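Chemist: Data file structure-v7.cif (mmCIF, C-alpha atoms) is appended below.
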```cif
data_run
#
loop_
_atom_site.label_atom_id
_atom_site.label_comp_id
_atom_site.auth_asym_id
_atom_site.auth_seq_id
_atom_site.Cartn_x
_atom_site.Cartn_y
_atom_site.Cartn_z
CA MET A 1 0.00 0.00 0.00
CA ALA A 2 2.83 2.39 0.91
CA SER A 3 4.62 1.71 -2.39
CA LEU A 4 1.42 2.40 -4.31
CA LEU A 5 1.06 5.73 -2.48
CA THR A 6 4.71 6.59 -3.19
CA SER A 7 4.25 5.70 -6.85
CA SER A 8 1.15 7.86 -7.06
CA CYS A 9 2.97 10.83 -5.51
CA LYS A 10 5.90 10.44 -7.91
CA PHE A 11 3.51 10.17 -10.83
CA LEU A 12 1.61 13.31 -9.78
CA ALA A 13 4.82 15.28 -9.23
CA PHE A 14 6.25 14.23 -12.58
CA SER A 15 2.96 14.90 -14.35
CA SER A 16 2.74 18.38 -12.81
CA ILE A 17 6.25 19.23 -13.96
CA MET A 18 5.63 17.95 -17.48
CA PHE A 19 2.29 19.78 -17.69
CA SER A 20 4.03 23.00 -16.65
CA ILE A 21 6.64 22.54 -19.39
CA LEU A 22 3.91 21.79 -21.92
CA PHE A 23 1.93 24.85 -20.82
CA LEU A 24 4.96 27.09 -21.28
CA THR A 25 5.40 25.89 -24.88
CA VAL A 26 1.87 26.88 -25.86
CA VAL A 27 1.67 30.17 -27.75
CA MET A 28 -0.50 32.64 -25.92
CA SER A 29 -2.07 35.75 -27.35
CA VAL A 30 -3.56 38.88 -25.87
CA GLU A 31 -6.54 40.95 -27.00
CA PHE A 32 -6.05 44.70 -26.57
CA GLU A 33 -8.99 47.12 -26.33
CA VAL A 34 -8.03 50.14 -28.43
CA GLY A 35 -8.88 53.39 -26.68
CA GLY A 36 -10.05 51.71 -23.46
CA LYS A 37 -13.53 52.77 -22.34
CA ASP A 38 -13.67 55.51 -25.00
CA GLY A 39 -13.01 53.10 -27.85
CA TRP A 40 -11.83 54.12 -31.33
CA ALA A 41 -12.86 57.77 -31.50
CA ILE A 42 -11.42 61.17 -32.34
CA PRO A 43 -9.15 62.21 -29.45
CA ASP A 44 -9.65 65.65 -27.93
CA SER A 45 -7.55 68.42 -29.47
CA LYS A 46 -5.13 68.45 -26.50
CA ASN A 47 -4.29 64.79 -26.95
CA ASP A 48 -3.89 64.13 -30.69
CA GLN A 49 -1.13 61.54 -29.97
CA LEU A 50 -3.48 59.48 -27.77
CA TYR A 51 -3.30 56.26 -29.79
CA ASP A 52 0.45 56.35 -30.46
CA HIS A 53 1.02 56.98 -26.75
CA TRP A 54 -1.27 54.06 -25.88
CA ALA A 55 0.52 51.79 -28.38
CA SER A 56 3.96 52.73 -27.04
CA ASN A 57 2.90 51.62 -23.54
CA ASN A 58 2.03 48.10 -24.73
CA ARG A 59 4.02 45.21 -26.21
CA PHE A 60 2.44 43.49 -29.19
CA ASN A 61 3.30 40.02 -30.45
CA VAL A 62 2.34 37.92 -33.45
CA ASN A 63 -1.17 36.42 -32.89
CA ASP A 64 -2.23 39.22 -30.52
CA THR A 65 -5.43 41.00 -31.50
CA LEU A 66 -6.75 44.54 -31.34
CA ARG A 67 -10.44 45.20 -30.64
CA PHE A 68 -11.77 48.46 -32.02
CA GLU A 69 -15.20 49.55 -30.74
CA TYR A 70 -16.74 52.59 -32.43
CA LYS A 71 -19.87 54.22 -33.85
CA LYS A 72 -20.22 55.65 -37.36
CA ASP A 73 -16.54 55.18 -38.16
CA SER A 74 -14.14 52.65 -39.66
CA VAL A 75 -10.70 51.09 -39.19
CA LEU A 76 -8.15 50.86 -41.98
CA VAL A 77 -4.72 49.25 -42.05
CA VAL A 78 -2.67 51.18 -44.59
CA SER A 79 0.86 51.63 -45.89
CA GLU A 80 3.25 54.10 -44.25
CA GLU A 81 2.76 56.52 -47.13
CA GLU A 82 -1.03 56.38 -46.83
CA TYR A 83 -0.72 56.80 -43.06
CA ASN A 84 1.31 59.98 -43.53
CA LYS A 85 -1.27 61.31 -46.02
CA CYS A 86 -4.23 60.24 -43.82
CA LYS A 87 -5.86 58.83 -46.94
CA SER A 88 -6.15 55.43 -48.61
CA SER A 89 -8.01 54.31 -51.69
CA HIS A 90 -6.80 50.68 -51.37
CA PRO A 91 -6.32 49.80 -47.69
CA ILE A 92 -4.66 46.55 -46.65
CA PHE A 93 -7.59 45.96 -44.26
CA PHE A 94 -10.95 47.72 -43.90
CA SER A 95 -13.80 47.28 -41.43
CA ASN A 96 -16.77 49.43 -40.45
CA ASN A 97 -18.91 47.04 -38.38
CA GLY A 98 -18.49 48.93 -35.06
CA ASN A 99 -16.72 46.05 -33.33
CA THR A 100 -13.61 45.13 -35.29
CA VAL A 101 -11.01 42.56 -34.27
CA PHE A 102 -7.67 42.67 -36.08
CA LYS A 103 -5.09 39.89 -35.62
CA PHE A 104 -1.35 40.50 -36.04
CA ASP A 105 -0.08 37.82 -38.41
CA ARG A 106 3.54 38.95 -38.66
CA PRO A 107 6.14 41.06 -36.87
CA GLY A 108 6.76 44.63 -38.03
CA LEU A 109 4.96 47.94 -38.25
CA PHE A 110 1.20 48.29 -38.71
CA TYR A 111 -0.39 51.62 -39.63
CA PHE A 112 -4.01 52.24 -38.56
CA ILE A 113 -6.22 55.18 -39.54
CA SER A 114 -9.88 56.08 -39.39
CA GLY A 115 -11.56 55.93 -42.76
CA VAL A 116 -13.89 58.86 -42.04
CA ALA A 117 -12.78 62.12 -43.66
CA GLY A 118 -11.05 64.44 -41.20
CA HIS A 119 -10.75 61.93 -38.34
CA CYS A 120 -7.18 60.84 -39.10
CA GLU A 121 -6.01 64.45 -39.40
CA ARG A 122 -7.46 65.07 -35.93
CA GLY A 123 -5.42 62.24 -34.38
CA GLN A 124 -7.48 59.09 -34.93
CA LYS A 125 -4.53 57.06 -36.14
CA MET A 126 -1.72 54.97 -34.68
CA ILE A 127 1.39 52.99 -35.48
CA ILE A 128 1.94 49.64 -33.79
CA LYS A 129 5.17 47.70 -33.75
CA VAL A 130 4.73 43.93 -33.45
CA LEU A 131 7.77 42.27 -31.94
CA GLU A 132 9.75 39.45 -33.51
CA PRO A 133 8.90 36.07 -31.96
CA ALA A 134 11.38 34.93 -29.33
CA SER A 135 13.69 32.36 -30.81
CA GLU A 136 15.01 29.29 -29.09
CA PRO A 137 18.78 28.92 -28.78
CA PRO A 138 20.26 26.68 -31.47
CA PRO A 139 20.87 23.07 -30.43
CA PRO A 140 24.49 22.01 -29.87
CA PRO A 141 26.13 20.39 -32.89
CA PRO A 142 26.07 16.59 -32.91
CA SER A 143 29.31 15.04 -31.67
CA SER A 144 29.34 12.10 -34.08
CA GLY A 145 28.98 14.22 -37.21
CA ALA A 146 25.56 12.72 -37.93
CA ALA A 147 22.72 15.01 -38.87
CA VAL A 148 20.27 15.47 -36.02
CA GLU A 149 16.82 16.83 -36.56
CA THR A 150 15.18 18.40 -33.53
CA VAL A 151 11.43 18.73 -33.31
CA SER A 152 9.75 20.99 -30.78
CA SER A 153 6.12 20.04 -30.55
CA PRO A 154 3.62 20.05 -27.70
CA ILE A 155 2.37 16.68 -28.96
CA LEU A 156 5.83 15.16 -28.58
CA VAL A 157 6.14 16.65 -25.10
CA LEU A 158 2.77 15.17 -24.18
CA LEU A 159 3.76 11.79 -25.61
CA MET A 160 7.02 11.91 -23.66
CA MET A 161 5.08 12.76 -20.51
CA VAL A 162 2.75 9.78 -20.93
CA ILE A 163 5.60 7.37 -21.65
CA MET A 164 7.68 8.60 -18.73
CA SER A 165 4.66 8.49 -16.42
CA LEU A 166 3.90 4.92 -17.36
CA PHE A 167 7.55 3.95 -17.05
CA GLY A 168 7.77 5.64 -13.63
CA ALA A 169 4.62 3.88 -12.42
CA ILE A 170 5.94 0.48 -13.57
CA VAL A 171 9.46 0.86 -12.14
CA VAL A 172 8.41 2.14 -8.70
#
```
Spit out the file's structure as structure tokens when you get a sec.

Modeler:
Amino acid sequence: MASLLTSSCKFLAFSSIMFSILFLTVVMSVEFEVGGKDGWAIPDSKNDQLYDHWASNNRFNVNDTLRFEYKKDSVLVVSEEEYNKCKSSHPIFFSNNGNTVFKFDRPGLFYFISGVAGHCERGQKMIIKVLEPASEPPPPPPSSGAAVETVSSPILVLLMMVIMSLFGAIVV
């Protein structure tokens, strides 16, 4: 009975550690509410850098999303040139449904403007920098000169966890 209890404790401890490792490998994303409680609207004349200031206080990653809530307006993703002109005839992205979600699909700069005439010029625009994904350190070179292919997959980690758990339960 005592050995069964010991085996169960070892199994639970090992499983907890492996689950933690697996959890850390999962890509997480964050949804940001643009403009907070005021939403996507023309900033007051004293604060025409509102959205750029907001963006500079956040860190954006690939797969994060922005939620724009607004009334009688629109959201456009445009080129840098169109951003500077506050005008776009062929935006990269356009939405005017009042509750827009935009997902970052790559690192780099994203330029957002309002599509309503005059709004961009009054400060309803922003630039967001999406960070490069963190990279894992390269594996050490193989000592035998053979080619080694490493695979980093949550499924493999889970499989390893199950095998090691079963092996641990059998040995103990």

Chemist: Kindly give the distance, in Å, that separates CA of Ile127 in chain A and CA of Asp52 in chain A, rounded to a single decimal.

Modeler: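 It comes out at 6.1 Å.
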
Chemist: Measure the distance from CA of Ala117 in chain A to CA of His53 in chain A in Å and round it to one decimal.

Modeler: 22.4 Å

Chemist: Could you list the residues chosen by the PyMOL selection byres ((chain A and resi 73) around 9) in this structure as number ranges by chain?

Modeler: A: 40-41, 70-72, 74-75, 95-98, 114-116, 119

Chemist: For a cutoff of 8 Å around the file-coordinate point (0.2, 55.3, -35.4), which residues qualify once you count only C-alpha atoms? I'd like the result as a ChimeraX atom specification.

Modeler: /A:51-52,55,83,110-113,125-128

Chemist: Counting all atoms listed in the file, what is within 12 Å of Val62 in chain A, bar same-chain residues fewer than 3 positions away, as a list in words?

Modeler: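 Skipping anything fewer than 3 positions along the chain leaves Val27, Met28, Ser29, Val30, Glu31, Arg59, Thr65, Leu66, Phe102, Lys103, Phe104, Asp105, Arg106, Pro107, Gly108, Leu109, Phe110, Ile128, Lys129, Val130, Leu131, Glu132, Pro133 and Ala134 of chain A.
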
Chemist: Quick one: pull the distance between CA of Thr100 in chain A and CA of Leu76 in chain A, Å, one decimal.

Modeler: 10.4 Å

Chemist: Compare A:Leu50, A:Val34, A:Glu82, A:Gly39 by their minimum atom-to-atom distance to Arg122 in chain A, counting all atoms listed in the file, and give me the closest one.

Modeler: A:Leu50

Chemist: Counting all atoms listed in the file, write as JSON, numbers by chain all protein and nucleic acid residues lying at most 12 Å from (4.8, 51.6, -49.9) in the file's frame.

Modeler: {"A": [78, 79, 80, 81, 82, 83, 84, 88, 90, 91, 92, 111]}

Chemist: Applying 9 Å and all atoms listed in the file, which residues near Ser45 in chain A remain after dropping the ones on its own chain fewer than 3 positions away? List them as a ChimeraX atom specification.

Modeler: /A:42,48,122-123

Chemist: How would the residues just chosen look if you wrote them out with C-alpha atoms as a PDB file, in the frame of the given file?

Modeler:
```pdb
ATOM      1  CA  ILE A  42     -11.420  61.170 -32.340  1.00  0.00           C
ATOM      2  CA  ASP A  48      -3.890  64.130 -30.690  1.00  0.00           C
ATOM      3  CA  ARG A 122      -7.460  65.070 -35.930  1.00  0.00           C
ATOM      4  CA  GLY A 123      -5.420  62.240 -34.380  1.00  0.00           C
TER       5      GLY A 123
END
```
